[in-house]
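target_24.txt (compact mmCIF, C-alpha atoms and all ligand atoms)
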# COMPACT_ATOMS: atom_id res chain seq x y z
CA MET A 7 0.00 0.00 0.00
CA ARG A 8 1.17 3.54 -0.77
CA VAL A 9 0.42 5.85 2.15
CA VAL A 10 0.94 9.62 2.27
CA VAL A 11 1.35 10.84 5.85
CA LEU A 12 0.83 14.57 6.30
CA GLY A 13 2.88 16.01 9.20
CA ALA A 14 6.35 15.33 10.62
CA GLY A 15 5.66 15.98 14.30
CA ILE A 16 5.34 13.10 16.76
CA SER A 17 1.97 12.00 15.33
CA GLY A 18 3.18 11.84 11.74
CA LEU A 19 6.59 10.34 12.49
CA SER A 20 5.27 7.62 14.79
CA THR A 21 2.54 6.68 12.31
CA ALA A 22 4.96 6.73 9.36
CA THR A 23 7.42 4.57 11.32
CA LEU A 24 4.83 1.87 12.07
CA LEU A 25 3.57 1.90 8.47
CA ARG A 26 7.16 1.42 7.21
CA GLU A 27 7.70 -1.41 9.70
CA ARG A 28 4.73 -3.33 8.31
CA GLY A 29 6.07 -2.86 4.78
CA ASP A 30 4.02 -0.02 3.32
CA GLU A 31 5.47 2.51 0.91
CA VAL A 32 5.30 5.78 2.86
CA ILE A 33 5.68 9.40 1.76
CA LEU A 34 5.91 11.90 4.61
CA VAL A 35 4.76 15.40 3.62
CA SER A 36 5.52 18.34 5.87
CA ALA A 37 5.61 22.12 5.56
CA HIS A 38 8.20 22.32 8.32
CA ALA A 39 11.43 20.57 9.28
CA THR A 40 10.98 18.54 12.48
CA GLU A 41 12.82 21.31 14.40
CA ALA A 42 10.01 23.78 13.59
CA THR A 43 7.13 21.59 14.78
CA THR A 44 5.20 21.96 18.04
CA SER A 45 6.41 18.48 18.93
CA HIS A 46 10.03 19.65 18.93
CA LEU A 47 9.23 22.39 21.46
CA ALA A 48 7.20 20.27 23.89
CA ALA A 49 8.27 19.64 27.48
CA ALA A 50 7.48 16.10 26.40
CA VAL A 51 6.84 14.37 29.67
CA TRP A 52 4.41 11.45 29.77
CA PHE A 53 1.36 12.94 31.50
CA PRO A 54 -2.15 13.13 29.97
CA THR A 55 -3.18 16.81 29.70
CA SER A 56 -6.10 18.45 27.86
CA ALA A 57 -7.00 15.47 25.70
CA GLY A 58 -9.97 13.14 25.38
CA PRO A 59 -11.91 10.91 25.35
CA ALA A 60 -10.89 9.56 28.75
CA ASP A 61 -11.17 5.83 27.96
CA LYS A 62 -9.11 6.05 24.78
CA VAL A 63 -6.61 8.45 26.36
CA ALA A 64 -6.03 5.82 29.06
CA ARG A 65 -5.44 3.10 26.45
CA TRP A 66 -3.28 5.21 24.09
CA GLY A 67 -1.34 6.58 27.06
CA SER A 68 -0.68 3.13 28.46
CA THR A 69 0.58 1.84 25.09
CA THR A 70 2.82 4.87 24.64
CA TYR A 71 4.19 4.56 28.16
CA GLY A 72 5.22 0.99 27.33
CA VAL A 73 6.85 1.93 24.02
CA LEU A 74 8.80 4.84 25.51
CA ALA A 75 9.86 2.79 28.56
CA ALA A 76 11.20 0.11 26.22
CA GLU A 77 13.01 2.77 24.17
CA ALA A 78 14.57 4.19 27.33
CA ALA A 79 15.68 0.69 28.36
CA ARG A 80 17.46 0.11 25.04
CA GLY A 81 19.11 3.54 25.08
CA VAL A 82 17.18 5.37 22.36
CA PRO A 83 18.62 8.91 22.26
CA GLY A 84 16.59 11.45 24.24
CA VAL A 85 14.30 9.03 26.10
CA VAL A 86 14.74 8.60 29.85
CA MET A 87 12.61 7.35 32.73
CA ARG A 88 12.24 10.25 35.14
CA GLU A 89 11.49 10.06 38.88
CA SER A 90 8.48 12.33 39.42
CA LEU A 91 6.51 13.99 42.20
CA VAL A 92 3.06 15.58 41.93
CA VAL A 93 2.14 17.71 44.93
CA TYR A 94 -1.24 18.65 46.38
CA ARG A 95 -2.53 20.97 49.12
CA GLN A 96 -5.25 18.49 50.04
CA GLU A 97 -5.70 14.77 49.70
CA PRO A 98 -6.05 13.93 45.99
CA GLY A 99 -8.78 11.66 44.65
CA PRO A 100 -8.00 8.79 42.26
CA GLN A 101 -5.85 9.99 39.36
CA PRO A 102 -7.02 8.86 35.89
CA TRP A 103 -3.40 8.37 34.70
CA ALA A 104 -2.32 6.29 37.70
CA ASP A 105 -3.02 2.85 36.18
CA ALA A 106 -0.50 3.40 33.40
CA VAL A 107 2.47 4.33 35.58
CA GLY A 108 4.53 1.84 37.49
CA ASP A 109 5.18 1.88 41.23
CA LEU A 110 2.96 4.78 42.23
CA ARG A 111 3.24 5.56 45.96
CA PRO A 112 2.29 8.39 48.33
CA ALA A 113 5.16 10.82 48.91
CA ARG A 114 6.64 10.91 52.39
CA ALA A 115 6.30 14.16 54.36
CA ASP A 116 10.05 14.78 54.02
CA GLU A 117 9.71 14.63 50.22
CA LEU A 118 7.16 17.46 50.04
CA PRO A 119 7.97 21.15 49.50
CA GLY A 120 6.70 23.57 52.17
CA GLY A 121 2.96 24.26 52.03
CA TYR A 122 1.98 20.90 50.57
CA SER A 123 0.23 18.14 52.51
CA HIS A 124 0.19 15.32 49.92
CA GLY A 125 2.14 14.05 46.98
CA LEU A 126 2.48 11.09 44.63
CA ARG A 127 5.78 9.56 43.56
CA PHE A 128 6.14 7.58 40.35
CA VAL A 129 8.32 7.19 37.27
CA VAL A 130 7.38 8.31 33.75
CA PRO A 131 9.13 8.70 30.39
CA LEU A 132 10.59 12.13 29.65
CA VAL A 133 11.53 12.71 26.04
CA GLU A 134 14.12 15.29 25.04
CA MET A 135 12.48 16.13 21.73
CA PRO A 136 15.40 18.08 20.19
CA THR A 137 17.30 14.76 20.37
CA TYR A 138 14.51 12.20 19.90
CA LEU A 139 12.55 13.73 17.01
CA PRO A 140 15.57 14.06 14.65
CA TRP A 141 16.58 10.51 15.66
CA LEU A 142 13.11 9.18 14.81
CA HIS A 143 13.19 11.07 11.52
CA ARG A 144 16.61 9.62 10.65
CA GLN A 145 15.38 6.09 11.43
CA TYR A 146 12.44 6.65 9.09
CA VAL A 147 14.59 7.95 6.23
CA ASP A 148 17.33 5.32 6.72
CA GLY A 149 14.60 2.66 6.69
CA GLY A 150 13.56 3.73 3.19
CA GLY A 151 10.83 6.25 4.01
CA GLN A 152 10.37 9.07 1.52
CA GLN A 153 9.89 12.72 2.40
CA VAL A 154 8.48 15.76 0.60
CA VAL A 155 8.77 19.26 2.03
CA ARG A 156 5.62 21.02 0.90
CA ARG A 157 2.91 23.25 2.36
CA ILE A 158 -0.55 22.26 1.18
CA GLY A 159 -3.79 24.25 1.22
CA SER A 160 -6.11 21.24 1.16
CA LEU A 161 -5.69 17.48 1.38
CA ASP A 162 -6.57 16.86 -2.28
CA GLU A 163 -3.29 18.58 -3.22
CA LEU A 164 -1.69 15.32 -2.06
CA LEU A 165 -3.39 13.30 -4.82
CA ASP A 166 -0.47 13.87 -7.24
CA LEU A 167 1.53 11.54 -4.95
CA LYS A 168 -0.93 8.77 -5.93
CA PRO A 169 -1.79 7.61 -2.39
CA ASP A 170 -3.98 4.60 -1.62
CA VAL A 171 -4.58 6.21 1.78
CA ILE A 172 -3.77 9.64 3.30
CA VAL A 173 -3.07 9.96 7.05
CA ASN A 174 -3.77 13.44 8.38
CA CYS A 175 -1.31 14.24 11.21
CA ALA A 176 -1.17 18.00 10.66
CA GLY A 177 -1.64 18.95 14.31
CA LEU A 178 -3.38 22.27 14.91
CA ALA A 179 -3.45 23.03 11.15
CA ALA A 180 -5.51 19.91 10.52
CA GLY A 181 -8.64 21.72 11.63
CA GLN A 182 -8.36 24.35 8.89
CA LEU A 183 -7.30 21.82 6.28
CA VAL A 184 -10.43 19.70 6.69
CA GLY A 185 -12.91 22.36 7.89
CA ASP A 186 -13.07 21.08 11.47
CA ASP A 187 -14.30 24.01 13.58
CA SER A 188 -13.82 22.11 16.84
CA ALA A 189 -9.99 22.35 16.59
CA TYR A 190 -8.49 25.23 18.57
CA PRO A 191 -5.08 26.38 19.87
CA ILE A 192 -4.01 25.93 23.49
CA ARG A 193 -1.14 28.38 23.93
CA GLY A 194 1.70 27.19 26.12
CA GLN A 195 4.63 29.22 27.40
CA ILE A 196 7.59 27.44 29.00
CA VAL A 197 11.01 28.56 30.20
CA ARG A 198 14.41 26.87 29.75
CA VAL A 199 16.81 27.48 32.62
CA VAL A 200 20.23 26.16 33.54
CA ASN A 201 19.67 22.97 35.53
CA PRO A 202 20.90 23.60 39.09
CA GLY A 203 21.53 19.86 39.54
CA LEU A 204 17.95 18.55 39.64
CA THR A 205 16.99 15.00 38.72
CA LEU A 206 13.37 14.90 39.97
CA SER A 207 10.37 16.16 37.94
CA VAL A 208 7.99 18.11 40.19
CA ARG A 209 4.49 19.26 39.32
CA ASP A 210 1.67 21.28 40.96
CA GLU A 211 -1.37 21.35 38.71
CA THR A 212 -3.28 23.72 41.01
CA HIS A 213 -0.72 26.34 42.07
CA PRO A 214 -2.67 29.59 42.77
CA ALA A 215 -0.47 31.51 40.28
CA GLY A 216 -0.99 28.89 37.54
CA ARG A 217 0.25 25.40 36.71
CA ALA A 218 3.82 24.79 37.79
CA TYR A 219 6.08 22.03 36.52
CA ILE A 220 9.80 21.37 36.56
CA HIS A 221 11.36 18.85 34.19
CA PRO A 222 15.13 18.37 34.41
CA ARG A 223 16.82 17.41 31.12
CA SER A 224 20.44 16.60 30.31
CA GLU A 225 21.43 20.13 29.25
CA ASP A 226 18.77 22.31 30.88
CA CYS A 227 15.59 22.30 32.91
CA ILE A 228 12.11 23.03 31.50
CA LEU A 229 9.82 25.13 33.70
CA GLY A 230 6.17 25.54 32.89
CA GLY A 231 3.74 26.60 32.10
CA THR A 232 0.56 28.03 30.70
CA LEU A 233 -2.49 26.42 29.08
CA ASP A 234 -4.40 29.25 27.36
CA ALA A 235 -7.29 27.80 25.37
CA GLY A 236 -8.24 29.73 22.23
CA VAL A 237 -5.15 31.98 22.23
CA TRP A 238 -3.23 32.16 18.90
CA ASP A 239 -0.54 34.65 20.00
CA THR A 240 2.93 33.07 19.97
CA THR A 241 4.78 36.11 21.40
CA VAL A 242 6.71 35.45 24.61
CA ASP A 243 5.23 37.35 27.56
CA ASP A 244 7.99 38.46 29.95
CA GLU A 245 5.65 38.76 32.92
CA THR A 246 4.56 35.16 32.35
CA THR A 247 8.22 34.10 32.27
CA ARG A 248 8.76 35.74 35.66
CA SER A 249 5.61 34.14 37.07
CA ILE A 250 6.62 30.67 35.85
CA VAL A 251 10.08 30.95 37.43
CA SER A 252 8.54 32.30 40.65
CA ARG A 253 5.94 29.56 41.09
CA CYS A 254 8.43 26.82 40.18
CA SER A 255 10.76 28.29 42.82
CA ASP A 256 7.99 27.67 45.37
CA LEU A 257 8.43 23.98 44.58
CA VAL A 258 12.23 23.98 44.27
CA PRO A 259 13.79 27.10 45.84
CA ALA A 260 17.12 26.63 43.98
CA LEU A 261 15.35 27.65 40.78
CA ALA A 262 14.97 31.26 41.96
CA GLU A 263 18.67 31.80 41.12
CA ALA A 264 18.78 29.69 37.95
CA GLU A 265 19.89 31.49 34.78
CA VAL A 266 17.08 31.80 32.24
CA LEU A 267 18.24 30.52 28.84
CA GLN A 268 15.11 31.00 26.78
CA ALA A 269 11.34 31.38 26.95
CA LEU A 270 9.31 29.51 24.35
CA VAL A 271 5.69 29.59 23.19
CA GLY A 272 3.87 26.88 21.27
CA LEU A 273 0.28 26.17 20.27
CA ARG A 274 -1.02 22.79 21.32
CA PRO A 275 -3.52 21.20 18.91
CA GLY A 276 -6.66 21.42 21.05
CA ARG A 277 -9.88 19.57 20.29
CA PRO A 278 -12.64 18.25 22.58
CA GLU A 279 -11.42 14.76 21.60
CA VAL A 280 -8.52 13.41 19.60
CA ARG A 281 -9.79 12.73 16.09
CA LEU A 282 -8.70 9.25 15.13
CA GLU A 283 -10.96 7.78 12.48
CA ARG A 284 -11.16 6.69 8.86
CA ASP A 285 -13.00 9.18 6.65
CA GLU A 286 -14.31 7.89 3.29
CA GLN A 287 -16.23 11.08 2.45
CA LEU A 288 -13.60 13.84 2.28
CA ILE A 289 -11.84 12.74 -0.93
CA PRO A 290 -13.82 10.40 -3.20
CA GLY A 291 -11.89 7.18 -3.79
CA VAL A 292 -9.04 7.89 -1.34
CA PRO A 293 -9.67 7.20 2.36
CA VAL A 294 -8.27 9.69 4.85
CA VAL A 295 -7.27 8.52 8.33
CA HIS A 296 -7.33 11.46 10.75
CA ASN A 297 -4.87 11.47 13.66
CA TYR A 298 -4.88 14.94 15.19
CA GLY A 299 -6.15 17.03 18.10
CA HIS A 300 -3.90 15.63 20.84
CA GLY A 301 -3.95 18.81 22.96
CA GLY A 302 -1.23 18.76 25.61
CA SER A 303 -0.66 15.02 25.20
CA GLY A 304 0.84 14.40 21.78
CA ILE A 305 3.95 12.75 23.17
CA THR A 306 1.96 10.95 25.90
CA LEU A 307 -0.40 9.39 23.36
CA GLY A 308 1.71 9.33 20.18
CA TRP A 309 2.61 5.65 19.81
CA GLY A 310 -0.80 4.43 20.99
CA CYS A 311 -2.57 6.65 18.46
CA ALA A 312 -0.13 5.64 15.72
CA GLU A 313 -1.04 1.96 16.29
CA ASP A 314 -4.75 2.74 15.84
CA ALA A 315 -4.06 4.97 12.82
CA VAL A 316 -2.17 2.13 11.11
CA LYS A 317 -5.07 -0.28 11.77
CA ALA A 318 -7.48 2.30 10.29
CA CYS A 319 -5.41 2.33 7.09
CA GLU A 320 -6.15 -1.36 6.41
C1 LIG A 401 4.65 24.35 25.76
C2 LIG A 401 4.18 22.97 25.40
C3 LIG A 401 4.49 21.91 26.23
C4 LIG A 401 4.04 20.63 25.94
N1 LIG A 401 4.37 19.60 26.76
C5 LIG A 401 3.91 18.35 26.51
C6 LIG A 401 4.23 17.28 27.38
O1 LIG A 401 4.93 17.45 28.38
N2 LIG A 401 3.74 16.04 27.07
C7 LIG A 401 2.98 15.82 25.96
O2 LIG A 401 2.55 14.68 25.74
N3 LIG A 401 2.66 16.83 25.10
C8 LIG A 401 3.10 18.09 25.36
N4 LIG A 401 2.77 19.11 24.51
C9 LIG A 401 1.81 18.86 23.42
C10 LIG A 401 2.48 18.31 22.18
O3 LIG A 401 3.54 19.15 21.82
C11 LIG A 401 1.48 18.19 21.02
O4 LIG A 401 0.33 17.48 21.43
C12 LIG A 401 2.14 17.44 19.87
O5 LIG A 401 3.35 18.07 19.52
C13 LIG A 401 1.25 17.35 18.65
O6 LIG A 401 2.00 16.68 17.67
P1 LIG A 401 1.53 16.56 16.17
O7 LIG A 401 2.52 15.70 15.48
O8 LIG A 401 0.10 16.14 16.14
O9 LIG A 401 1.59 18.07 15.61
P2 LIG A 401 2.84 19.01 15.28
O10 LIG A 401 4.02 18.69 16.07
O11 LIG A 401 2.30 20.40 15.34
O12 LIG A 401 3.19 18.67 13.77
C14 LIG A 401 2.32 19.07 12.73
C15 LIG A 401 2.97 18.74 11.39
O13 LIG A 401 2.04 19.04 10.35
C16 LIG A 401 2.70 19.81 9.35
N5 LIG A 401 1.74 20.69 8.70
C17 LIG A 401 0.83 21.49 9.30
N6 LIG A 401 0.14 22.16 8.35
C18 LIG A 401 0.64 21.79 7.16
C19 LIG A 401 0.33 22.15 5.82
N7 LIG A 401 -0.65 23.04 5.51
N8 LIG A 401 1.04 21.57 4.82
C20 LIG A 401 2.01 20.67 5.10
N9 LIG A 401 2.34 20.31 6.36
C21 LIG A 401 1.65 20.85 7.36
C22 LIG A 401 3.74 20.59 10.10
O14 LIG A 401 4.75 21.05 9.21
C23 LIG A 401 4.23 19.54 11.10
O15 LIG A 401 5.19 18.72 10.45
C24 LIG A 401 3.26 20.40 24.75
C25 LIG A 401 3.00 21.47 23.90
C26 LIG A 401 3.45 22.74 24.21
C27 LIG A 401 3.15 23.86 23.27

Before anything else, please render the file you have as C-alpha cells.
Amino acid sequence: MRVVVLGAGISGLSTATLLRERGDEVILVSAHATEATTSHLAAAVWFPTSAGPADKVARWGSTTYGVLAAEAARGVPGVVMRESLVVYRQEPGPQPWADAVGDLRPARADELPGGYSHGLRFVVPLVEMPTYLPWLHRQYVDGGGQQVVRRIGSLDELLDLKPDVIVNCAGLAAGQLVGDDSAYPIRGQIVRVVNPGLTLSVRDETHPAGRAYIHPRSEDCILGGTLDAGVWDTTVDDETTRSIVSRCSDLVPALAEAEVLQALVGLRPGRPEVRLERDEQLIPGVPVVHNYGHGGSGITLGWGCAEDAVKACE
C-alpha cells in the first residue's frame, strides 16, 4: 500500500514509522522541518493533559508509556525514565493516569515542599524532543521512508503523490485543512533554565499563580507553564516568564537563582477529543485517516494513536 502521511511531528513520524515497519510505501509530507514543529518544542513528559476521550486516552497513554519505557531501556537517544513527584494541598482523589504508571506511591512528608500536605511519587518517560525527534526522523529515512517538504492548502493537493490512503497528522493546522471548527489552539509558554543539579520532575497542577512544573533534562531544565485555550498569540510574555520561574521556585527554591536561557511559546492542537478515524467522504476514492487534536498530550499518546491509525489504514 502507498500511504501519504501529512505532518512530521510526533503523530506523523510515529505513524509513518509503524507503516514502514509493516512494509508499506510511505511518503511523509511536511511544511516544516521537524525542528520547527510543536512536537520539537514540547516539554514532552508522559502525562495526559487536555486530551480526550478519557477511555481512549487511558489506552493510548498506556501503550505509549510501554513503548517509551522500552526505548529508554534500550538507550534510544533522548528518552529517559524520570522520577516524578506531583504535589497537592489536600488529599487527591484517584488519578485517571495512575493505572498506566509503574510503582505509584504516596510521597513521604520529608519529600514534600513547604505548604503541601500530599504528593504522589512515580516514574514516567521524559523525552528530550530536540534529540529524539531528529533521531526518529533519521530512522524513518534510513529505513527507506520518503519525504516531501511542501505546504498544502487542502488534502486533495496530495493526490499527485498517488496515495492509496492519506493519514492526516497536521496537528493544529488539521482543523483548517479539513474544515473542522472544533480544533483550537491551546497556547503554552515554558522557560528553559540552567539545571541547578535537579533529577526529579515536580508538578503542581493547582498552584494559585498557575500550573507549575519542573522537568530536568540533560542540558537544561524546563519550567512551565501556561495552558491558554483559544489563544493564537505566539509572542513570549515576559511577565509570564517571571511568574513561571517564581511559582516553580515555590516547589524547588534553587530555581529562583537559575539562569534563564530561553522562553518559548507553542500552540497545542486542542480539540474536545482526539480525532482518530477513517473518513471515506472527504476525498472520493481515497480514504483519509485522521490522527490529530492531541492537545497537551501528543507525546503521551503518540505511539498508541499511531497503532490505531495504522489499523485504520487497512
Ligand atoms: C509548551 C508545550 C508543552 C508541551 N508539553 C507536553 C508534554 O509534556 N507532554 C505531551 O505529551 N505533550 C506536550 N505538549 C503537546 C504536544 O507538543 C502536542 O500534542 C504534539 O506536539 C502534537 O504533535 P503533532 O505531530 O500532532 O503536531 P505538530 O508537532 O504540530 O506537527 C504538525 C505537522 O504538520 C505539518 N503541517 C501542518 N500544516 C501543514 C500544511 N498546511 N502543509 C504541510 N504540512 C503541514 C507541520 O509542518 C508539522 O510537520 C506540549 C506542547 C506545548 C506547546

Open item on the list: Residues within 10 Å of Tyr122 in chain A, please, as a list of chain:residue names. Count all atoms listed in the file; anything in the same chain fewer than 4 positions from it doesn't count.
Closed with: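 Listed by chain and then number, they are A:Val93, A:Tyr94, A:Arg95, A:Gln96, A:Glu97, A:Ala115, A:Glu117, A:Leu118, A:Asp210, A:Leu257.
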
Open item on the list: Give me, as a ChimeraX atom specification, the set of residues whose atoms come within 7 Å of any atom of ligand LIG 401 (chain A), counting only C-alpha atoms and all ligand atoms.
Closed with: /A:12-18,35-40,43-54,156-159,175-180,183,193-196,231,271-275,298-307

Give the padded box for range 68-75 of chain A as JSON: axis-aligned, covering all atoms listed in the file, 5 Å on each side, centre and edge lengths in Å to one decimal.
{"center_x": 4.6, "center_y": 2.9, "center_z": 26.3, "size_x": 20.5, "size_y": 13.9, "size_z": 14.5}

Task: Counting all atoms listed in the file, the residue of A:Glu31, A:Asp109, A:Glu134, A:Glu163 that sits nearest Tyr146 in chain A - done: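 Under the stated criterion, the closest residue is A:Glu31.
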
TODO: Do a neighbour search on Val129 in chain A at 10 Å with only C-alpha atoms, toss out local chain neighbours closer than 3 positions, and write the hits as a ChimeraX atom specification.
DONE: /A:52,75,86-91,107-110,132,206-207
